[in-house]
$ cat entry32.txt   # compact mmCIF, C-alpha atoms
# COMPACT_ATOMS: atom_id res chain seq x y z
CA MET S 1 70.65 104.25 13.64
CA ASP S 2 74.00 105.00 12.03
CA ARG S 3 75.39 102.36 9.71
CA PHE S 4 78.97 101.89 8.47
CA THR S 5 79.18 101.23 4.73
CA LYS S 6 82.85 100.73 3.86
CA PRO S 7 84.20 97.17 3.39
CA PHE S 8 86.70 95.84 5.93
CA ILE S 9 88.63 93.82 3.32
CA ARG S 10 89.30 96.59 0.78
CA GLN S 11 92.97 97.51 0.57
CA GLU S 12 94.44 100.73 -0.79
CA PRO S 13 95.37 100.72 -4.48
CA ILE S 14 98.93 99.72 -5.32
CA PRO S 15 101.00 102.94 -5.47
CA GLU S 16 101.64 104.42 -8.90
CA ALA S 17 105.40 104.00 -8.49
CA ALA S 18 104.87 100.28 -7.86
CA ILE S 19 102.56 99.98 -10.86
CA ASP S 20 105.16 101.67 -13.07
CA ALA S 21 107.84 99.29 -11.78
CA ALA S 22 105.59 96.30 -12.42
CA VAL S 23 104.85 97.45 -15.98
CA ALA S 24 108.58 97.81 -16.64
CA VAL S 25 109.11 94.22 -15.51
CA LEU S 26 106.27 93.00 -17.71
CA ARG S 27 107.66 94.84 -20.71
CA SER S 28 111.08 93.30 -20.11
CA GLY S 29 109.68 89.76 -20.04
CA ALA S 30 112.21 88.94 -17.28
CA LEU S 31 109.88 87.76 -14.54
CA HIS S 32 112.29 85.18 -13.08
CA ARG S 33 114.77 86.59 -10.59
CA TYR S 34 117.75 84.86 -12.21
CA GLY S 35 116.86 86.14 -15.67
CA ALA S 36 116.79 89.81 -14.71
CA ASP S 37 119.72 92.21 -14.52
CA PRO S 38 119.41 94.12 -12.30
CA SER S 39 117.12 91.86 -10.28
CA GLN S 40 114.23 93.51 -8.47
CA ALA S 41 114.24 90.60 -6.00
CA ALA S 42 117.93 91.10 -5.19
CA LEU S 43 117.40 94.84 -4.73
CA LEU S 44 114.42 94.15 -2.46
CA GLU S 45 116.60 91.86 -0.34
CA GLU S 46 119.23 94.60 0.01
CA GLU S 47 116.62 97.17 0.98
CA PHE S 48 114.85 94.91 3.47
CA ALA S 49 118.17 93.94 5.08
CA ALA S 50 118.97 97.64 5.48
CA LEU S 51 115.52 98.37 6.91
CA THR S 52 115.80 95.67 9.57
CA GLY S 53 119.53 95.89 10.20
CA ALA S 54 120.07 92.25 9.21
CA PRO S 55 123.16 91.11 7.27
CA HIS S 56 121.13 88.66 5.17
CA ALA S 57 117.64 88.79 3.66
CA LEU S 58 115.84 86.43 1.31
CA ALA S 59 112.70 87.08 -0.76
CA VAL S 60 110.39 84.07 -1.09
CA ALA S 61 106.98 83.06 -2.36
CA SER S 62 104.95 83.39 0.86
CA GLY S 63 105.13 83.89 4.59
CA GLY S 64 104.25 80.24 5.09
CA TYR S 65 107.10 79.20 2.84
CA ALA S 66 109.42 81.49 4.84
CA MET S 67 108.57 79.66 8.08
CA GLY S 68 108.97 76.22 6.53
CA CYS S 69 112.28 77.23 4.97
CA ALA S 70 113.51 78.50 8.34
CA LEU S 71 112.61 75.23 10.06
CA ARG S 72 114.32 73.14 7.39
CA ALA S 73 117.44 75.30 7.58
CA LEU S 74 117.57 74.67 11.33
CA GLY S 75 117.39 70.93 10.71
CA VAL S 76 113.84 70.41 11.98
CA GLY S 77 112.38 67.24 10.54
CA PRO S 78 109.79 64.49 10.98
CA GLY S 79 108.76 63.88 14.55
CA ASP S 80 110.69 66.81 16.02
CA PRO S 81 108.79 68.90 18.59
CA VAL S 82 108.52 72.64 17.94
CA LEU S 83 107.12 75.06 20.50
CA THR S 84 104.63 77.65 19.25
CA ASN S 85 101.83 79.90 20.44
CA GLY S 86 98.49 78.36 21.31
CA TRP S 87 96.87 81.41 19.68
CA THR S 88 98.00 82.12 16.15
CA LEU S 89 96.77 81.60 12.60
CA ALA S 90 96.76 78.23 10.86
CA PRO S 91 99.85 78.78 8.64
CA VAL S 92 102.10 78.76 11.74
CA PRO S 93 101.29 75.25 13.02
CA GLY S 94 100.82 74.38 9.34
CA ALA S 95 104.47 75.21 8.58
CA ILE S 96 105.54 72.98 11.48
CA ALA S 97 103.30 70.12 10.39
CA ALA S 98 104.41 70.50 6.75
CA VAL S 99 107.99 69.49 7.64
CA GLY S 100 106.64 66.54 9.62
CA ALA S 101 107.34 68.13 13.01
CA ARG S 102 105.02 68.22 16.03
CA PRO S 103 103.63 71.55 17.32
CA VAL S 104 103.86 71.86 21.10
CA LEU S 105 101.41 74.61 22.02
CA VAL S 106 102.17 77.25 24.65
CA GLU S 107 99.45 79.15 26.52
CA VAL S 108 98.50 82.75 25.67
CA THR S 109 97.97 85.47 28.28
CA GLU S 110 95.08 87.91 28.66
CA ASP S 111 97.33 90.46 26.93
CA LEU S 112 97.39 88.17 23.86
CA VAL S 113 101.07 87.25 23.98
CA ILE S 114 102.78 83.93 24.59
CA ASP S 115 102.73 82.96 28.28
CA LEU S 116 106.36 83.11 29.36
CA ASP S 117 105.74 81.05 32.51
CA ASP S 118 104.22 78.27 30.43
CA LEU S 119 107.06 78.60 27.91
CA ALA S 120 109.60 78.16 30.72
CA ALA S 121 107.69 75.12 31.98
CA LYS S 122 107.73 73.52 28.51
CA ALA S 123 111.24 74.64 27.51
CA ASP S 124 112.71 71.16 27.94
CA ARG S 125 110.31 69.70 25.37
CA ALA S 126 111.87 71.20 22.20
CA THR S 127 114.92 72.98 20.82
CA VAL S 128 113.05 75.35 18.49
CA LEU S 129 110.36 77.97 19.19
CA MET S 130 108.25 79.31 16.33
CA LEU S 131 107.20 82.55 18.02
CA SER S 132 104.14 84.16 16.51
CA HIS S 133 103.73 87.89 17.11
CA MET S 134 100.05 87.23 16.58
CA ARG S 135 97.98 90.22 15.48
CA GLY S 136 100.97 92.44 16.19
CA HIS S 137 101.22 91.80 19.94
CA ILE S 138 104.86 91.53 21.03
CA VAL S 139 105.84 89.81 24.28
CA ASP S 140 108.66 91.01 26.55
CA MET S 141 111.43 89.91 24.19
CA GLY S 142 114.21 90.35 26.74
CA ARG S 143 112.62 87.85 29.09
CA LEU S 144 111.68 85.48 26.26
CA MET S 145 115.22 85.39 24.90
CA GLU S 146 116.61 84.83 28.39
CA ILE S 147 114.41 81.72 28.73
CA CYS S 148 115.27 80.45 25.27
CA ASP S 149 119.00 81.13 25.54
CA ARG S 150 119.14 79.40 28.92
CA HIS S 151 117.51 76.28 27.48
CA GLY S 152 119.31 76.31 24.11
CA ILE S 153 116.14 77.02 22.14
CA ALA S 154 116.51 78.53 18.65
CA VAL S 155 113.84 81.20 18.08
CA VAL S 156 112.16 81.73 14.71
CA GLU S 157 109.99 84.86 14.72
CA ASP S 158 106.78 84.90 12.73
CA CYS S 159 106.49 88.61 11.95
CA ALA S 160 103.54 88.44 9.54
CA HIS S 161 101.77 91.10 11.63
CA THR S 162 104.80 93.06 12.85
CA MET S 163 106.72 94.29 9.82
CA GLY S 164 107.67 97.81 10.86
CA ALA S 165 107.18 97.09 14.58
CA HIS S 166 109.79 96.89 17.33
CA TRP S 167 110.35 95.96 20.96
CA ASP S 168 112.32 98.56 22.92
CA GLY S 169 113.88 99.85 19.69
CA THR S 170 114.90 96.50 18.20
CA PRO S 171 112.93 95.62 15.05
CA SER S 172 110.60 92.66 15.18
CA GLY S 173 112.35 89.65 13.65
CA ARG S 174 115.80 90.61 14.92
CA PHE S 175 115.79 88.83 18.28
CA GLY S 176 115.81 85.18 17.18
CA ARG S 177 117.96 83.18 14.80
CA ILE S 178 115.57 83.86 11.91
CA GLY S 179 112.78 86.36 11.26
CA CYS S 180 109.96 85.55 8.80
CA TYR S 181 107.59 88.10 7.24
CA SER S 182 104.59 88.02 4.94
CA THR S 183 103.70 90.31 2.04
CA GLN S 184 100.26 88.79 1.50
CA THR S 185 97.52 91.27 0.61
CA TYR S 186 96.33 91.88 4.18
CA LYS S 187 99.80 92.48 5.62
CA HIS S 188 101.80 95.72 5.84
CA VAL S 189 103.09 95.65 2.27
CA ASN S 190 101.03 94.02 -0.45
CA SER S 191 102.18 91.76 -3.29
CA GLY S 192 99.19 89.40 -3.17
CA GLU S 193 101.43 86.63 -1.84
CA GLY S 194 105.07 86.75 -0.83
CA GLY S 195 107.48 86.55 2.06
CA LEU S 196 110.81 87.78 3.38
CA ILE S 197 113.36 86.18 5.71
CA VAL S 198 116.21 87.76 7.69
CA THR S 199 119.07 86.27 9.68
CA ASP S 200 122.47 87.17 11.13
CA ASP S 201 123.78 83.66 10.52
CA ALA S 202 125.64 83.25 7.20
CA ASP S 203 125.28 79.46 7.26
CA LEU S 204 121.52 79.66 7.81
CA ALA S 205 121.30 82.27 5.04
CA ALA S 206 123.15 80.00 2.62
CA ARG S 207 120.99 77.00 3.55
CA MET S 208 117.79 78.98 3.01
CA ILE S 209 118.93 80.44 -0.32
CA LEU S 210 119.77 76.93 -1.54
CA LEU S 211 116.45 75.61 -0.22
CA SER S 212 114.58 78.38 -2.04
CA GLY S 213 115.82 77.04 -5.37
CA SER S 214 118.90 79.05 -6.25
CA TYR S 215 120.66 76.18 -8.05
CA MET S 216 124.24 77.50 -8.45
CA LEU S 217 123.05 81.08 -8.96
CA TYR S 218 123.11 82.04 -5.28
CA ALA S 219 125.64 84.85 -5.86
CA ARG S 220 122.86 86.80 -7.59
CA HIS S 221 121.07 87.29 -4.26
CA GLY S 222 121.31 90.78 -2.85
CA THR S 223 122.76 89.83 0.54
CA ALA S 224 124.23 86.39 -0.09
CA PRO S 225 127.14 85.24 2.09
CA ASP S 226 130.54 84.40 0.58
CA ASP S 227 130.96 81.42 -1.73
CA ALA S 228 132.98 79.64 0.96
CA VAL S 229 129.84 79.49 3.11
CA PHE S 230 127.80 77.95 0.29
CA ALA S 231 130.56 75.40 -0.25
CA ARG S 232 129.71 73.93 3.16
CA HIS S 233 126.09 73.31 2.13
CA ARG S 234 126.02 72.72 -1.64
CA GLY S 235 124.62 69.32 -2.50
CA GLN S 236 123.21 68.85 1.00
CA MET S 237 120.17 71.13 0.84
CA PRO S 238 117.20 70.05 -1.26
CA ASN S 239 115.71 72.45 -3.79
CA VAL S 240 112.30 73.32 -2.32
CA SER S 241 111.52 76.00 -4.86
CA GLY S 242 109.93 79.06 -3.32
CA ARG S 243 111.61 82.04 -4.94
CA MET S 244 109.93 85.43 -5.17
CA ASP S 245 109.47 86.57 -8.77
CA GLU S 246 110.51 89.92 -10.22
CA LEU S 247 106.96 91.23 -10.58
CA ARG S 248 106.14 90.94 -6.89
CA ALA S 249 109.53 92.33 -5.87
CA ALA S 250 109.00 95.35 -8.12
CA ILE S 251 105.58 95.99 -6.56
CA LEU S 252 107.02 95.73 -3.04
CA ARG S 253 110.05 98.02 -3.25
CA PRO S 254 108.15 101.36 -3.35
CA GLN S 255 105.80 100.12 -0.60
CA LEU S 256 108.74 99.16 1.60
CA ALA S 257 110.18 102.65 1.24
CA ASP S 258 106.82 104.08 2.35
CA LEU S 259 106.35 101.72 5.32
CA PRO S 260 107.20 104.21 8.12
CA ARG S 261 104.50 106.62 6.90
CA GLN S 262 101.99 103.79 6.63
CA VAL S 263 102.76 102.67 10.18
CA ASP S 264 101.97 106.17 11.45
CA ARG S 265 98.67 106.14 9.56
CA TRP S 266 97.66 102.74 10.96
CA ASN S 267 98.50 103.75 14.50
CA ALA S 268 96.49 106.97 14.28
CA LEU S 269 93.41 104.98 13.23
CA TYR S 270 94.09 102.36 15.91
CA ARG S 271 94.15 105.00 18.65
CA VAL S 272 90.74 106.35 17.58
CA LEU S 273 89.27 102.85 17.79
CA GLU S 274 91.10 102.04 21.03
CA ASP S 275 89.81 105.20 22.71
CA GLY S 276 86.31 104.50 21.42
CA PHE S 277 86.23 100.89 22.63
CA ARG S 278 87.75 101.60 26.04
CA ASN S 279 85.42 101.47 29.04
CA ARG S 280 82.54 100.08 27.01
CA PRO S 281 80.39 97.70 29.08
CA GLY S 282 81.42 94.07 28.86
CA LEU S 283 84.37 94.83 26.56
CA ARG S 284 88.09 95.08 27.37
CA VAL S 285 90.76 96.51 25.08
CA ILE S 286 94.37 95.33 25.30
CA ASP S 287 96.78 97.75 26.97
CA ARG S 288 99.99 98.02 24.94
CA PRO S 289 103.33 98.05 26.83
CA ALA S 290 105.46 101.18 26.62
CA ALA S 291 108.35 99.18 25.10
CA GLU S 292 106.16 97.87 22.27
CA GLY S 293 106.32 99.79 19.01
CA PHE S 294 103.36 98.14 17.31
CA VAL S 295 101.60 98.53 13.97
CA GLY S 296 97.85 98.96 14.45
CA SER S 297 96.65 97.14 11.34
CA SER S 298 94.12 95.26 13.48
CA ILE S 299 92.56 95.73 16.91
CA GLN S 300 91.38 93.20 19.46
CA ALA S 301 88.95 93.30 22.38
CA ILE S 302 87.78 90.67 24.85
CA ALA S 303 84.13 90.23 25.79
CA ALA S 304 83.56 89.47 29.47
CA ASP S 305 80.65 87.11 28.72
CA PRO S 306 81.39 84.88 25.69
CA ALA S 307 77.79 83.66 25.63
CA ARG S 308 76.69 87.16 24.54
CA VAL S 309 79.21 87.46 21.71
CA PRO S 310 77.11 85.96 18.87
CA VAL S 311 74.26 88.42 19.43
CA PHE S 312 76.68 91.34 19.84
CA THR S 313 78.66 90.57 16.68
CA ALA S 314 75.46 90.00 14.70
CA ALA S 315 74.12 93.37 15.84
CA CYS S 316 77.37 95.07 14.85
CA ALA S 317 77.36 93.28 11.48
CA ALA S 318 73.80 94.44 10.81
CA ARG S 319 75.20 97.96 11.07
CA GLY S 320 78.18 97.23 8.82
CA VAL S 321 80.85 96.61 11.49
CA GLU S 322 82.70 93.32 11.11
CA TRP S 323 84.23 91.39 14.02
CA LYS S 324 86.01 88.05 13.82
CA TRP S 325 85.46 85.81 16.85
CA PHE S 326 88.10 83.29 17.96
CA GLY S 327 85.61 81.58 20.25
CA ALA S 328 83.35 80.40 17.42
CA PRO S 329 82.59 76.66 17.35
CA ALA S 330 84.04 76.24 13.83
CA ALA S 331 86.76 77.94 11.79
CA GLN S 332 85.44 80.83 9.71
CA GLY S 333 87.35 82.50 6.87
CA PHE S 334 90.90 83.18 8.07
CA THR S 335 89.91 82.78 11.73
CA SER S 336 90.54 79.55 13.63
CA ALA S 337 91.62 78.30 17.06
CA HIS S 338 93.88 75.43 18.08
CA ARG S 339 90.93 73.06 18.57
CA HIS S 340 90.14 73.43 14.84
CA TRP S 341 93.59 72.24 13.67
CA GLU S 342 93.00 68.52 13.30
CA TYR S 343 96.56 67.99 12.05
CA VAL S 344 97.83 69.09 15.48
CA ALA S 345 97.54 66.65 18.38
CA SER S 346 94.89 67.83 20.84
CA GLN S 347 96.46 69.70 23.77
CA SER S 348 95.09 71.15 27.00
CA LEU S 349 95.28 74.97 27.03
CA PRO S 350 92.69 76.04 29.62
CA ARG S 351 93.99 79.60 30.05
CA SER S 352 94.14 80.16 26.29
CA ASP S 353 90.67 78.73 25.82
CA ALA S 354 89.29 81.13 28.42
CA VAL S 355 90.85 84.07 26.55
CA LEU S 356 89.83 82.90 23.07
CA ALA S 357 86.23 82.32 24.17
CA GLY S 358 85.64 86.08 24.24
CA LEU S 359 88.32 87.28 21.83
CA LEU S 360 87.15 89.65 19.10
CA ASP S 361 89.30 90.83 16.22
CA MET S 362 88.86 93.64 13.69
CA ARG S 363 90.87 94.66 10.63
CA VAL S 364 91.93 98.31 10.36
CA PRO S 365 92.44 98.94 6.63
CA LEU S 366 94.04 102.17 5.45
CA THR S 367 91.00 102.80 3.27
CA PHE S 368 89.39 104.04 6.54
CA ASP S 369 89.91 107.52 7.96
CA ALA S 370 89.57 108.94 11.48
CA ASP S 371 85.88 109.78 10.97
CA ASP S 372 85.22 106.21 9.84
CA CYS S 373 86.91 104.85 12.96
CA ALA S 374 84.93 107.22 15.19
CA LEU S 375 81.70 105.95 13.62
CA ILE S 376 82.78 102.33 14.08
CA ALA S 377 83.59 103.04 17.74
CA ARG S 378 80.21 104.68 18.27
CA ILE S 379 78.36 101.72 16.76
CA VAL S 380 80.38 99.24 18.82
CA GLY S 381 79.73 101.25 21.97
CA GLU S 382 75.98 101.37 21.36
CA GLU S 383 75.75 97.63 20.66
CA ALA S 384 77.94 96.85 23.68
CA HIS S 385 75.45 98.74 25.88
CA ARG S 386 72.61 96.77 24.34
CA HIS S 387 74.11 93.29 24.33
CA LEU S 388 77.18 93.06 26.61
CA ALA S 389 76.18 95.19 29.62

$ encode --input "entry32.txt" --output "structure tokens"
Amino acid sequence: MDRFTKPFIRQEPIPEAAIDAAVAVLRSGALHRYGADPSQAALLEEEFAALTGAPHALAVASGGYAMGCALRALGVGPGDPVLTNGWTLAPVPGAIAAVGARPVLVEVTEDLVIDLDDLAAKADRATVLMLSHMRGHIVDMGRLMEICDRHGIAVVEDCAHTMGAHWDGTPSGRFGRIGCYSTQTYKHVNSGEGGLIVTDDADLAARMILLSGSYMLYARHGTAPDDAVFARHRGQMPNVSGRMDELRAAILRPQLADLPRQVDRWNALYRVLEDGFRNRPGLRVIDRPAAEGFVGSSIQAIAADPARVPVFTAACAARGVEWKWFGAPAAQGFTSAHRHWEYVASQSLPRSDAVLAGLLDMRVPLTFDADDCALIARIVGEEAHRHLA
């Protein structure tokens, strides 16, 4: 039998232009953003703001920090309820819990997006929604914003898996009050750890820059609002240091410029896998809406019979194909479900649990090519016939 031999966690090398930029920073010794002139972090903020069409961008230490900073800037504090997806990764409810707030979980649909009917039913329970575009699946943002605007809910978008994606032409992260992105190794640009934030709101931008630890050096940020805006918030915002350093910013700038090409590469690989998984016995792929401009850096499928998943995934793994299973009894690696988050009050999500029971997830690294993806699809198809039919 064929066996796949490439690792699913191996990323592409950092581009030579990024390596050269990083070496220049190291030779300068100016690794702190406020000690560099010009600042790579400030330039990154300008370039990311231009890419997304946002007036203000902020480079920070991680995607998790970005979400926590956004919540603090909105005034979320201990005991406050915050709506969020019932299916996401642990840093999302973790960011809510870290500011002392209470996650209120919203059901997920069979298409792996937040359930807008359940959101509408729970809309009177909170004034903030931390919306996770989990694994790159984007909900109907027009309908979501109509619900949130009607109920006075501020939307923070977790775009860790949707940098470079859009809904009906509007970039992910540009619908809500604040958009948060990750530059962790397994995201769409790679600085090991890192995050970016965008907003239209000058007051929120000033609050987040002050929170990130700007001291009185906020004018050195690439897209900082006017000093008069900072004057409204100086002395009121705590310094919760989470600045991005010059080295990571230097590594990211060439990758950001190359993002559109990388998106095309991911989506070409995704389509090979999607076509190969479709119509396999006992396995359902997720149909993507026409309005969704996604980035296929991972692919999901749902097994009709969750009881058969352990044998199926083990058989695939024996042939070198790695699936993550959200229905597993315990958290494994990066993969967990809401029942594993003991810091979140237990909540009834029967529809989400039914989906997660059979939900399978696979990384699509750019170290793969189309032939690799065809082989993966063939192996998955053969093992589906054996174990899921």

$ closest_residue --input "entry32.txt" --among "S:Leu210, S:Ala90, S:Leu217, S:Val60" --to "Asp245 of chain S" --atoms "only C-alpha atoms"
S:Val60

$ residues_around --input "entry32.txt" --residues "segment 155-171 of chain S" --least-positions-apart "6" --cutoff "6 Å" --atoms "all atoms listed in the file" --output "ChimeraX atom specification"
/S:128-133,135-136,177-182,291-295

$ residues_near_point --input "entry32.txt" --point "(109.4, 83.8, 1.3)" --cutoff "9 Å" --atoms "all atoms listed in the file" --output "PyMOL selection string"
chain S and resi 58-67+69+180-183+194-197+212+242-244

$ closest_residue --input "entry32.txt" --among "S:Ala24, S:Ala97, S:Val76, S:Ala268" --to "Glu342 of chain S" --atoms "only C-alpha atoms"
S:Ala97

$ closest_residue --input "entry32.txt" --among "S:His385, S:Phe334, S:Asp353, S:Asp275" --to "Pro91 of chain S" --atoms "only C-alpha atoms"
S:Phe334

$ atom_distance --input "entry32.txt" --atom1 "atom CA of Pro238 of chain S" --atom2 "atom CA of Gly53 of chain S"
28.4 Å

$ closest_residue --input "entry32.txt" --among "S:Pro103, S:Gly68, S:Gly176, S:Gly142" --to "Thr84 of chain S" --atoms "all atoms listed in the file"
S:Pro103

$ atom_distance --input "entry32.txt" --atom1 "atom CA of Ser241 of chain S" --atom2 "atom CA of Thr335 of chain S"
28.1 Å

$ residues_around --input "entry32.txt" --residues "Ile251 of chain S" --least-positions-apart "6" --cutoff "8 Å" --atoms "all atoms listed in the file" --output "PDB file with C-alpha atoms, in the frame of the given file"
ATOM      1  CA  ILE S  14      98.930  99.720  -5.320  1.00  0.00           C
ATOM      2  CA  ALA S  18     104.870 100.280  -7.860  1.00  0.00           C
ATOM      3  CA  ILE S  19     102.560  99.980 -10.860  1.00  0.00           C
ATOM      4  CA  ALA S  21     107.840  99.290 -11.780  1.00  0.00           C
ATOM      5  CA  ALA S  22     105.590  96.300 -12.420  1.00  0.00           C
ATOM      6  CA  ASN S 190     101.030  94.020  -0.450  1.00  0.00           C
ATOM      7  CA  SER S 191     102.180  91.760  -3.290  1.00  0.00           C
TER       8      SER S 191
END

$ residues_near_point --input "entry32.txt" --point "(96.8, 104.3, 12.0)" --cutoff "9 Å" --atoms "all atoms listed in the file" --output "ChimeraX atom specification"
/S:262-272,295-297,364-366,369-370

$ residues_around --input "entry32.txt" --residues "Gly222 of chain S" --least-positions-apart "2" --cutoff "10 Å" --atoms "only C-alpha atoms" --output "PDB file with C-alpha atoms, keeping the file's coordinate frame"
ATOM      1  CA  SER S  39     117.120  91.860 -10.280  1.00  0.00           C
ATOM      2  CA  GLN S  40     114.230  93.510  -8.470  1.00  0.00           C
ATOM      3  CA  ALA S  41     114.240  90.600  -6.000  1.00  0.00           C
ATOM      4  CA  ALA S  42     117.930  91.100  -5.190  1.00  0.00           C
ATOM      5  CA  LEU S  43     117.400  94.840  -4.730  1.00  0.00           C
ATOM      6  CA  LEU S  44     114.420  94.150  -2.460  1.00  0.00           C
ATOM      7  CA  GLU S  45     116.600  91.860  -0.340  1.00  0.00           C
ATOM      8  CA  GLU S  46     119.230  94.600   0.010  1.00  0.00           C
ATOM      9  CA  GLU S  47     116.620  97.170   0.980  1.00  0.00           C
ATOM     10  CA  PHE S  48     114.850  94.910   3.470  1.00  0.00           C
ATOM     11  CA  ALA S  49     118.170  93.940   5.080  1.00  0.00           C
ATOM     12  CA  HIS S  56     121.130  88.660   5.170  1.00  0.00           C
ATOM     13  CA  ALA S  57     117.640  88.790   3.660  1.00  0.00           C
ATOM     14  CA  LEU S  58     115.840  86.430   1.310  1.00  0.00           C
ATOM     15  CA  ALA S  59     112.700  87.080  -0.760  1.00  0.00           C
ATOM     16  CA  TYR S 218     123.110  82.040  -5.280  1.00  0.00           C
ATOM     17  CA  ALA S 219     125.640  84.850  -5.860  1.00  0.00           C
ATOM     18  CA  ARG S 220     122.860  86.800  -7.590  1.00  0.00           C
ATOM     19  CA  ALA S 224     124.230  86.390  -0.090  1.00  0.00           C
ATOM     20  CA  PRO S 225     127.140  85.240   2.090  1.00  0.00           C
TER      21      PRO S 225
END

$ closest_residue --input "entry32.txt" --among "S:Asp372, S:Glu110, S:Glu322, S:Asp80" --to "Arg351 of chain S" --atoms "all atoms listed in the file"
S:Glu110

$ closest_residue --input "entry32.txt" --among "S:Gly100, S:Pro7, S:Gly381, S:Gly213" --to "Ala315 of chain S" --atoms "only C-alpha atoms"
S:Gly381

$ residues_around --input "entry32.txt" --residues "His340 of chain S" --least-positions-apart "3" --cutoff "9 Å" --atoms "only C-alpha atoms" --output "ChimeraX atom specification"
/S:329-331,336-337,343-344

$ atom_distance --input "entry32.txt" --atom1 "atom CA of Val108 of chain S" --atom2 "atom CA of Gly358 of chain S"
13.4 Å

$ residues_around --input "entry32.txt" --residues "Trp325 of chain S" --least-positions-apart "4" --cutoff "12 Å" --atoms "all atoms listed in the file" --output "VMD selection string"
chain S and resid 300 to 303 306 to 314 329 to 337 355 to 362

$ axis_aligned_box --input "entry32.txt" --around "segment 346-349 of chain S" --padding-each-side "5 Å" --output "AutoDock Vina command-line options"
--center_x 95.7 --center_y 71.4 --center_z 23.9 --size_x 11.6 --size_y 17.1 --size_z 16.2
